[in-house]
Amino acid sequence: RIPVTDDVELASWWLEGTNNKTVMVTHGIGTSKQDFNTLLPANMLAKAGFNVLIVDQRDAGLSTCTDGRHSAGQEESSDFAAVAEWLIANKGADKDAIGMFGVSGGAIMTSLLPAKSDNVAAFAMEGTIFDFNAAATKEVEFQGFPGFLWQIAEFSAKLFHGVDLSETSVKDSIVAAGTRPMVILHGDNDQRLDYQSSVDFYDYAVSVGADIELETFEDADHTEGMLTETDRYAAILVEFFEKSLK
């Protein structure tokens with residue numbers, strides 16, 4: 001259990017590797033570190049010799065439940081900045097040898113992490129978002145509610161819980177990444193997290209000179225690329241972190 005604030009501990013699994021490179025791995029919204037789409041890529045990295053830390057986000061799995069609400073990556077990215085500090089202090093990790101891989105909602109968190117920490121050297125995302133308001137509206141509709149309720153939820157989060165769901169922007173975090181490498185893996189038939197959002201993320205990152213790759217999995221639905229093209233998925237992840245972490 002990793003303390004990230006005075007009141008929050010994150011439940012984690014530590015897989016000891018055969019090299020000095022460490023990748024933090026986390027899940028999507030409404031699930032936990034036990035989900036197949038978290039365990040499968042974590043295993044790909046572990047088999048390649050990386051140290052792997054698989055983490056339940058706050059309000060998920062066996063981690064501390066504060067309010068049961070996902071903060072659109074805001075609080076979660078601050079938590080993982082603290083996890084990186086914990087790796088340095090407790091596992092002797094070097095900041096240039098720490099990477100982050102997030103799945104779906106975990107990818108949203110990962111996209112904000114560059115703005116929160118200089119202790120993470122590379123960022124991989126299974127899908128991500130660029131226009132947060134558009135993505136949040138679509139998610140509300142996916143859950144069967146009118147899209148305008150998102151604006152009410154955003155206002156309520158700030159008023160009643162003191163959480164600004166737009167405090168750290170994706171654009172600012174892309175710029176903060178600087179030369180630190182990023183890769184997006186995304187199925188172009190994703191019905192949950194619009195593939196175009198990853199394209200927009202990639203295009204903006206390129207426009208500001210970021211080091212980024214976009215790996216497309218044709219006809220794959222949400223997180224399905226790791227199932228439809230498992231060997232390719234593993235090769236992309238392993239090669240990315242091997243070359244990006246020192």
# chains A, B, ... in the order shown; residues from 1 in each chain; ligands from 1
call {"tool": "residues_around", "arguments": {"residues": "Ala234 (chain A)", "least_positions_apart": "5", "cutoff": "10 Å", "atoms": "only C-alpha atoms", "output": "PyMOL selection string"}}
result
chain A and resi 40-45+47-48+226+229+239-240
call {"tool": "residues_around", "arguments": {"residues": "Thr128 (chain A)", "least_positions_apart": "4", "cutoff": "9 Å", "atoms": "only C-alpha atoms", "output": "JSON, numbers by chain"}}
result
{"A": [103, 104, 105, 106, 107, 108, 109, 110, 111, 184, 185, 186, 193, 194, 195, 197, 198, 201]}
call {"tool": "closest_residue", "arguments": {"among": "A:Asp203, A:Asp67, A:Asp35, A:Asp172", "to": "Thr223 (chain A)", "atoms": "only C-alpha atoms"}}
result
A:Asp35
call {"tool": "select_by_dssp", "arguments": {"residues": "region 1-245 of chain A", "states": "strand (DSSP E or B)", "output": "short mmCIF file (atom, residue, chain, number, x, y, z; two decimals) with all heavy atoms, in the first residue's frame"}}
result
data_model
loop_
_atom_site.label_atom_id
_atom_site.label_comp_id
_atom_site.auth_asym_id
_atom_site.auth_seq_id
_atom_site.Cartn_x
_atom_site.Cartn_y
_atom_site.Cartn_z
N ILE A 2 0.61 2.14 -0.92
CA ILE A 2 1.47 3.30 -1.12
C ILE A 2 0.73 4.56 -0.66
O ILE A 2 -0.31 4.91 -1.23
CB ILE A 2 1.87 3.45 -2.60
CG1 ILE A 2 2.62 2.19 -3.06
CG2 ILE A 2 2.70 4.69 -2.82
CD1 ILE A 2 2.89 2.15 -4.54
N PRO A 3 1.22 5.25 0.37
CA PRO A 3 0.57 6.49 0.80
C PRO A 3 0.87 7.62 -0.18
O PRO A 3 2.03 7.90 -0.49
CB PRO A 3 1.21 6.77 2.17
CG PRO A 3 2.55 6.09 2.10
CD PRO A 3 2.39 4.90 1.20
N GLU A 9 -4.26 5.88 0.48
CA GLU A 9 -3.27 4.87 0.15
C GLU A 9 -3.74 4.11 -1.09
O GLU A 9 -4.94 3.82 -1.22
CB GLU A 9 -3.09 3.87 1.29
CG GLU A 9 -2.41 4.44 2.52
CD GLU A 9 -2.17 3.37 3.58
OE1 GLU A 9 -2.88 2.34 3.54
OE2 GLU A 9 -1.27 3.56 4.41
N LEU A 10 -2.81 3.80 -1.97
CA LEU A 10 -3.14 3.06 -3.18
C LEU A 10 -2.67 1.61 -3.05
O LEU A 10 -1.50 1.36 -2.76
CB LEU A 10 -2.50 3.72 -4.40
CG LEU A 10 -2.83 5.20 -4.65
CD1 LEU A 10 -2.25 5.65 -5.98
CD2 LEU A 10 -4.33 5.44 -4.60
N SER A 12 -1.45 -1.86 -4.43
CA SER A 12 -0.62 -2.13 -5.60
C SER A 12 -0.03 -3.53 -5.55
O SER A 12 0.06 -4.15 -4.50
CB SER A 12 0.53 -1.11 -5.68
OG SER A 12 0.06 0.21 -5.58
N TRP A 13 0.38 -4.01 -6.73
CA TRP A 13 1.17 -5.23 -6.85
C TRP A 13 2.52 -4.87 -7.44
O TRP A 13 2.58 -4.15 -8.46
CB TRP A 13 0.48 -6.24 -7.77
CG TRP A 13 -0.77 -6.85 -7.19
CD1 TRP A 13 -1.03 -7.13 -5.89
CD2 TRP A 13 -1.92 -7.27 -7.94
NE1 TRP A 13 -2.26 -7.70 -5.76
CE2 TRP A 13 -2.84 -7.81 -7.00
CE3 TRP A 13 -2.25 -7.25 -9.30
CZ2 TRP A 13 -4.08 -8.31 -7.39
CZ3 TRP A 13 -3.49 -7.76 -9.68
CH2 TRP A 13 -4.38 -8.28 -8.73
N TRP A 14 3.58 -5.36 -6.84
CA TRP A 14 4.94 -5.11 -7.33
C TRP A 14 5.48 -6.39 -7.95
O TRP A 14 5.56 -7.42 -7.29
CB TRP A 14 5.83 -4.65 -6.18
CG TRP A 14 7.30 -4.55 -6.53
CD1 TRP A 14 8.29 -5.42 -6.15
CD2 TRP A 14 7.94 -3.54 -7.30
NE1 TRP A 14 9.49 -5.00 -6.65
CE2 TRP A 14 9.32 -3.85 -7.36
CE3 TRP A 14 7.48 -2.40 -7.96
CZ2 TRP A 14 10.24 -3.06 -8.04
CZ3 TRP A 14 8.39 -1.60 -8.65
CH2 TRP A 14 9.75 -1.94 -8.69
N LEU A 15 5.83 -6.32 -9.23
CA LEU A 15 6.43 -7.45 -9.93
C LEU A 15 7.91 -7.13 -10.17
O LEU A 15 8.23 -6.21 -10.93
CB LEU A 15 5.72 -7.69 -11.27
CG LEU A 15 4.19 -7.83 -11.21
CD1 LEU A 15 3.63 -8.08 -12.60
CD2 LEU A 15 3.78 -8.94 -10.26
N THR A 22 11.36 0.64 -14.60
CA THR A 22 10.10 0.38 -13.91
C THR A 22 8.96 1.07 -14.65
O THR A 22 9.07 2.24 -15.03
CB THR A 22 10.15 0.91 -12.47
OG1 THR A 22 11.20 0.24 -11.76
CG2 THR A 22 8.83 0.68 -11.76
N VAL A 23 7.84 0.34 -14.83
CA VAL A 23 6.65 0.91 -15.45
C VAL A 23 5.47 0.80 -14.48
O VAL A 23 5.16 -0.29 -13.99
CB VAL A 23 6.29 0.21 -16.77
CG1 VAL A 23 5.07 0.88 -17.41
CG2 VAL A 23 7.48 0.24 -17.74
N MET A 24 4.86 1.93 -14.18
CA MET A 24 3.61 1.95 -13.42
C MET A 24 2.47 1.67 -14.40
O MET A 24 2.44 2.21 -15.50
CB MET A 24 3.39 3.32 -12.77
CG MET A 24 4.51 3.75 -11.83
SD MET A 24 4.23 5.40 -11.11
CE MET A 24 4.57 6.47 -12.52
N VAL A 25 1.53 0.83 -13.99
CA VAL A 25 0.40 0.44 -14.85
C VAL A 25 -0.89 0.66 -14.07
O VAL A 25 -0.99 0.25 -12.90
CB VAL A 25 0.52 -1.02 -15.30
CG1 VAL A 25 -0.70 -1.42 -16.13
CG2 VAL A 25 1.81 -1.25 -16.08
N THR A 26 -1.89 1.28 -14.72
CA THR A 26 -3.17 1.45 -14.04
C THR A 26 -4.33 1.32 -15.01
O THR A 26 -4.18 1.38 -16.22
CB THR A 26 -3.23 2.79 -13.28
OG1 THR A 26 -4.31 2.77 -12.35
CG2 THR A 26 -3.41 3.97 -14.24
N ASN A 51 10.52 -4.01 -14.15
CA ASN A 51 9.78 -3.96 -12.90
C ASN A 51 8.42 -3.36 -13.23
O ASN A 51 8.33 -2.36 -13.95
CB ASN A 51 10.48 -3.06 -11.87
CG ASN A 51 11.89 -3.50 -11.57
OD1 ASN A 51 12.13 -4.66 -11.26
ND2 ASN A 51 12.84 -2.58 -11.66
N VAL A 52 7.35 -3.95 -12.70
CA VAL A 52 6.01 -3.45 -12.99
C VAL A 52 5.27 -3.21 -11.68
O VAL A 52 5.23 -4.10 -10.81
CB VAL A 52 5.22 -4.43 -13.88
CG1 VAL A 52 3.82 -3.89 -14.16
CG2 VAL A 52 5.95 -4.69 -15.19
N LEU A 53 4.73 -2.02 -11.54
CA LEU A 53 3.90 -1.67 -10.39
C LEU A 53 2.47 -1.48 -10.90
O LEU A 53 2.19 -0.52 -11.61
CB LEU A 53 4.40 -0.40 -9.71
CG LEU A 53 3.67 0.00 -8.43
CD1 LEU A 53 4.01 -0.97 -7.30
CD2 LEU A 53 4.03 1.43 -8.02
N ILE A 54 1.58 -2.42 -10.54
CA ILE A 54 0.18 -2.35 -10.97
C ILE A 54 -0.63 -1.73 -9.84
O ILE A 54 -0.61 -2.24 -8.71
CB ILE A 54 -0.36 -3.75 -11.31
CG1 ILE A 54 0.65 -4.54 -12.14
CG2 ILE A 54 -1.68 -3.63 -12.06
CD1 ILE A 54 0.23 -5.98 -12.40
N VAL A 55 -1.34 -0.65 -10.14
CA VAL A 55 -1.89 0.18 -9.07
C VAL A 55 -3.40 0.37 -9.22
O VAL A 55 -3.90 0.68 -10.31
CB VAL A 55 -1.23 1.57 -9.08
CG1 VAL A 55 -1.71 2.41 -7.89
CG2 VAL A 55 0.30 1.45 -9.06
N ILE A 98 11.71 5.49 -14.99
CA ILE A 98 10.33 5.27 -14.59
C ILE A 98 9.40 5.67 -15.73
O ILE A 98 9.48 6.78 -16.26
CB ILE A 98 9.96 6.09 -13.34
CG1 ILE A 98 10.83 5.67 -12.15
CG2 ILE A 98 8.48 5.92 -12.99
CD1 ILE A 98 10.63 6.52 -10.91
N GLY A 99 8.49 4.76 -16.11
CA GLY A 99 7.49 5.03 -17.13
C GLY A 99 6.09 4.83 -16.60
O GLY A 99 5.89 4.30 -15.51
N MET A 100 5.10 5.27 -17.38
CA MET A 100 3.69 5.16 -16.98
C MET A 100 2.89 4.61 -18.14
O MET A 100 3.03 5.07 -19.28
CB MET A 100 3.16 6.55 -16.59
CG MET A 100 1.69 6.57 -16.16
SD MET A 100 1.48 5.94 -14.47
CE MET A 100 0.13 4.78 -14.71
N PHE A 101 2.02 3.63 -17.86
CA PHE A 101 1.08 3.12 -18.86
C PHE A 101 -0.31 3.12 -18.26
O PHE A 101 -0.55 2.50 -17.22
CB PHE A 101 1.45 1.71 -19.31
CG PHE A 101 0.43 1.10 -20.24
CD1 PHE A 101 0.26 1.60 -21.51
CD2 PHE A 101 -0.36 0.04 -19.83
CE1 PHE A 101 -0.69 1.05 -22.37
CE2 PHE A 101 -1.30 -0.53 -20.68
CZ PHE A 101 -1.47 -0.01 -21.96
N GLY A 102 -1.24 3.83 -18.89
CA GLY A 102 -2.61 3.91 -18.41
C GLY A 102 -3.59 3.41 -19.45
O GLY A 102 -3.44 3.67 -20.64
N VAL A 103 -4.61 2.70 -18.98
CA VAL A 103 -5.65 2.14 -19.84
C VAL A 103 -6.92 2.97 -19.72
O VAL A 103 -7.41 3.20 -18.62
CB VAL A 103 -5.95 0.68 -19.45
CG1 VAL A 103 -7.07 0.11 -20.30
CG2 VAL A 103 -4.70 -0.17 -19.56
N ALA A 122 8.55 8.59 -19.47
CA ALA A 122 7.87 8.19 -20.70
C ALA A 122 6.44 7.79 -20.37
O ALA A 122 6.16 7.26 -19.29
CB ALA A 122 8.61 7.02 -21.36
N PHE A 123 5.55 8.03 -21.33
CA PHE A 123 4.12 7.88 -21.08
C PHE A 123 3.46 7.12 -22.22
O PHE A 123 3.53 7.52 -23.38
CB PHE A 123 3.46 9.26 -20.96
CG PHE A 123 4.16 10.17 -19.99
CD1 PHE A 123 5.23 10.97 -20.42
CD2 PHE A 123 3.79 10.21 -18.66
CE1 PHE A 123 5.89 11.81 -19.53
CE2 PHE A 123 4.45 11.05 -17.76
CZ PHE A 123 5.50 11.84 -18.19
N ALA A 124 2.79 6.00 -21.89
CA ALA A 124 2.05 5.21 -22.88
C ALA A 124 0.58 5.20 -22.48
O ALA A 124 0.24 5.09 -21.30
CB ALA A 124 2.59 3.79 -22.95
N MET A 125 -0.28 5.33 -23.48
CA MET A 125 -1.72 5.44 -23.22
C MET A 125 -2.51 4.53 -24.14
O MET A 125 -2.31 4.56 -25.34
CB MET A 125 -2.17 6.90 -23.43
CG MET A 125 -1.60 7.89 -22.42
SD MET A 125 -1.60 9.61 -23.03
CE MET A 125 -0.05 9.64 -23.97
N GLU A 126 -3.38 3.72 -23.57
CA GLU A 126 -4.35 2.95 -24.34
C GLU A 126 -5.57 3.83 -24.56
O GLU A 126 -6.44 3.93 -23.71
CB GLU A 126 -4.73 1.67 -23.60
CG GLU A 126 -5.98 0.96 -24.11
CD GLU A 126 -5.95 0.57 -25.58
OE1 GLU A 126 -4.95 -0.04 -26.02
OE2 GLU A 126 -6.92 0.89 -26.28
N MET A 182 6.04 9.96 -25.71
CA MET A 182 4.67 9.49 -25.49
C MET A 182 4.27 8.57 -26.63
O MET A 182 4.71 8.76 -27.76
CB MET A 182 3.70 10.68 -25.42
CG MET A 182 3.92 11.63 -24.27
SD MET A 182 2.75 13.03 -24.28
CE MET A 182 3.47 14.04 -25.58
N VAL A 183 3.41 7.60 -26.32
CA VAL A 183 2.83 6.76 -27.37
C VAL A 183 1.37 6.50 -27.02
O VAL A 183 1.02 6.30 -25.85
CB VAL A 183 3.60 5.43 -27.55
CG1 VAL A 183 3.52 4.55 -26.31
CG2 VAL A 183 3.09 4.67 -28.77
N ILE A 184 0.52 6.55 -28.04
CA ILE A 184 -0.90 6.23 -27.90
C ILE A 184 -1.18 4.97 -28.70
O ILE A 184 -0.80 4.87 -29.86
CB ILE A 184 -1.79 7.37 -28.42
CG1 ILE A 184 -1.48 8.70 -27.71
CG2 ILE A 184 -3.27 7.01 -28.24
CD1 ILE A 184 -2.14 9.90 -28.37
N LEU A 185 -1.85 4.01 -28.07
CA LEU A 185 -2.32 2.80 -28.75
C LEU A 185 -3.84 2.84 -28.73
O LEU A 185 -4.45 2.99 -27.66
CB LEU A 185 -1.82 1.54 -28.05
CG LEU A 185 -0.29 1.43 -27.84
CD1 LEU A 185 0.12 1.99 -26.48
CD2 LEU A 185 0.15 -0.03 -27.92
N HIS A 186 -4.47 2.75 -29.91
CA HIS A 186 -5.92 2.97 -29.93
C HIS A 186 -6.56 2.24 -31.11
O HIS A 186 -6.06 2.32 -32.24
CB HIS A 186 -6.22 4.47 -30.04
CG HIS A 186 -7.57 4.85 -29.50
ND1 HIS A 186 -7.89 6.14 -29.15
CD2 HIS A 186 -8.68 4.11 -29.25
CE1 HIS A 186 -9.13 6.18 -28.70
NE2 HIS A 186 -9.65 4.96 -28.76
N GLY A 187 -7.66 1.56 -30.86
CA GLY A 187 -8.44 0.94 -31.91
C GLY A 187 -9.29 1.97 -32.63
O GLY A 187 -9.92 2.82 -31.98
N ILE A 212 6.11 11.99 -29.98
CA ILE A 212 4.91 11.18 -29.81
C ILE A 212 4.71 10.24 -31.00
O ILE A 212 5.09 10.55 -32.13
CB ILE A 212 3.66 12.07 -29.62
CG1 ILE A 212 2.44 11.22 -29.23
CG2 ILE A 212 3.39 12.93 -30.87
CD1 ILE A 212 1.27 12.03 -28.72
N GLU A 213 4.12 9.08 -30.70
CA GLU A 213 3.74 8.11 -31.72
C GLU A 213 2.27 7.76 -31.52
O GLU A 213 1.77 7.77 -30.39
CB GLU A 213 4.56 6.82 -31.59
CG GLU A 213 6.07 7.02 -31.63
CD GLU A 213 6.80 5.76 -31.20
OE1 GLU A 213 6.31 4.64 -31.49
OE2 GLU A 213 7.85 5.89 -30.55
N LEU A 214 1.57 7.46 -32.61
CA LEU A 214 0.20 6.95 -32.55
C LEU A 214 0.15 5.62 -33.26
O LEU A 214 0.44 5.53 -34.46
CB LEU A 214 -0.77 7.94 -33.21
CG LEU A 214 -2.23 7.46 -33.36
CD1 LEU A 214 -2.84 7.12 -32.01
CD2 LEU A 214 -3.06 8.52 -34.08
N GLU A 215 -0.17 4.56 -32.52
CA GLU A 215 -0.26 3.21 -33.08
C GLU A 215 -1.73 2.82 -33.17
O GLU A 215 -2.43 2.73 -32.16
CB GLU A 215 0.49 2.22 -32.18
CG GLU A 215 1.99 2.47 -32.10
CD GLU A 215 2.73 2.05 -33.36
OE1 GLU A 215 2.09 1.41 -34.24
OE2 GLU A 215 3.93 2.34 -33.47
N THR A 216 -2.20 2.63 -34.41
CA THR A 216 -3.61 2.36 -34.66
C THR A 216 -3.85 0.86 -34.85
O THR A 216 -3.10 0.19 -35.55
CB THR A 216 -4.07 3.11 -35.92
OG1 THR A 216 -3.85 4.51 -35.74
CG2 THR A 216 -5.54 2.86 -36.20
N PHE A 217 -4.92 0.37 -34.23
CA PHE A 217 -5.32 -1.02 -34.37
C PHE A 217 -6.63 -1.05 -35.15
O PHE A 217 -7.69 -0.65 -34.62
CB PHE A 217 -5.44 -1.68 -32.99
CG PHE A 217 -4.11 -1.81 -32.31
CD1 PHE A 217 -3.55 -0.73 -31.63
CD2 PHE A 217 -3.38 -2.99 -32.41
CE1 PHE A 217 -2.30 -0.83 -31.04
CE2 PHE A 217 -2.14 -3.10 -31.81
CZ PHE A 217 -1.59 -2.02 -31.13
#
call {"tool": "residues_around", "arguments": {"residues": "Val208 (chain A)", "least_positions_apart": "6", "cutoff": "9 Å", "atoms": "only C-alpha atoms", "output": "list in words"}}
result
Ile174, Val175 and Gly178 of chain A
call {"tool": "select_by_dssp", "arguments": {"residues": "region 27-131 of chain A", "states": "helix (DSSP H, G or I)", "output": "VMD selection string"}}
result
chain A and resid 36 to 47 74 to 91 95 to 97 105 to 115
call {"tool": "write_last_selection", "arguments": {"atoms": "C-alpha atoms", "output": "tab-separated table (two decimals), in the first residue's frame"}}
result
chain	number	residue	atom	x	y	z
A	36	PHE	CA	-7.78	-8.18	-18.04
A	37	ASN	CA	-6.89	-5.04	-19.99
A	38	THR	CA	-4.60	-3.99	-17.16
A	39	LEU	CA	-3.14	-7.40	-16.36
A	40	LEU	CA	-2.40	-8.32	-19.97
A	41	PRO	CA	-0.14	-5.34	-20.83
A	42	ALA	CA	1.41	-5.52	-17.35
A	43	ASN	CA	2.34	-9.13	-18.07
A	44	MET	CA	3.78	-8.15	-21.46
A	45	LEU	CA	6.12	-5.74	-19.69
A	46	ALA	CA	6.96	-8.13	-16.85
A	47	LYS	CA	7.88	-10.90	-19.30
A	74	GLN	CA	-6.93	15.57	-11.76
A	75	GLU	CA	-6.51	13.98	-8.33
A	76	GLU	CA	-5.40	10.69	-9.86
A	77	SER	CA	-2.46	12.28	-11.71
A	78	SER	CA	-1.32	13.97	-8.49
A	79	ASP	CA	-1.50	10.56	-6.80
A	80	PHE	CA	0.75	8.99	-9.43
A	81	ALA	CA	3.25	11.82	-9.13
A	82	ALA	CA	3.49	10.71	-5.48
A	83	VAL	CA	3.78	7.06	-6.56
A	84	ALA	CA	6.80	7.97	-8.69
A	85	GLU	CA	8.36	9.66	-5.66
A	86	TRP	CA	7.66	6.49	-3.64
A	87	LEU	CA	9.45	4.37	-6.26
A	88	ILE	CA	12.51	6.59	-6.02
A	89	ALA	CA	12.52	6.56	-2.21
A	90	ASN	CA	11.58	2.92	-1.62
A	91	LYS	CA	12.70	0.96	-4.68
A	95	LYS	CA	13.53	9.12	-12.50
A	96	ASP	CA	14.91	8.52	-16.00
A	97	ALA	CA	13.98	4.84	-15.63
A	105	GLY	CA	-9.56	6.32	-17.85
A	106	GLY	CA	-6.04	5.56	-16.66
A	107	ALA	CA	-4.80	6.98	-19.96
A	108	ILE	CA	-6.66	10.21	-19.22
A	109	MET	CA	-4.75	10.37	-15.94
A	110	THR	CA	-1.51	9.54	-17.73
A	111	SER	CA	-2.05	12.39	-20.19
A	112	LEU	CA	-2.03	14.85	-17.26
A	113	LEU	CA	0.92	13.32	-15.41
A	114	PRO	CA	3.66	15.21	-17.36
A	115	ALA	CA	2.33	18.45	-15.87
call {"tool": "atom_distance", "arguments": {"atom1": "CA of Asp94 (chain A)", "atom2": "CA of Lys246 (chain A)"}}
result
8.5 Å
call {"tool": "atom_distance", "arguments": {"atom1": "CA of Ile129 (chain A)", "atom2": "CA of Ala235 (chain A)"}}
result
23.6 Å
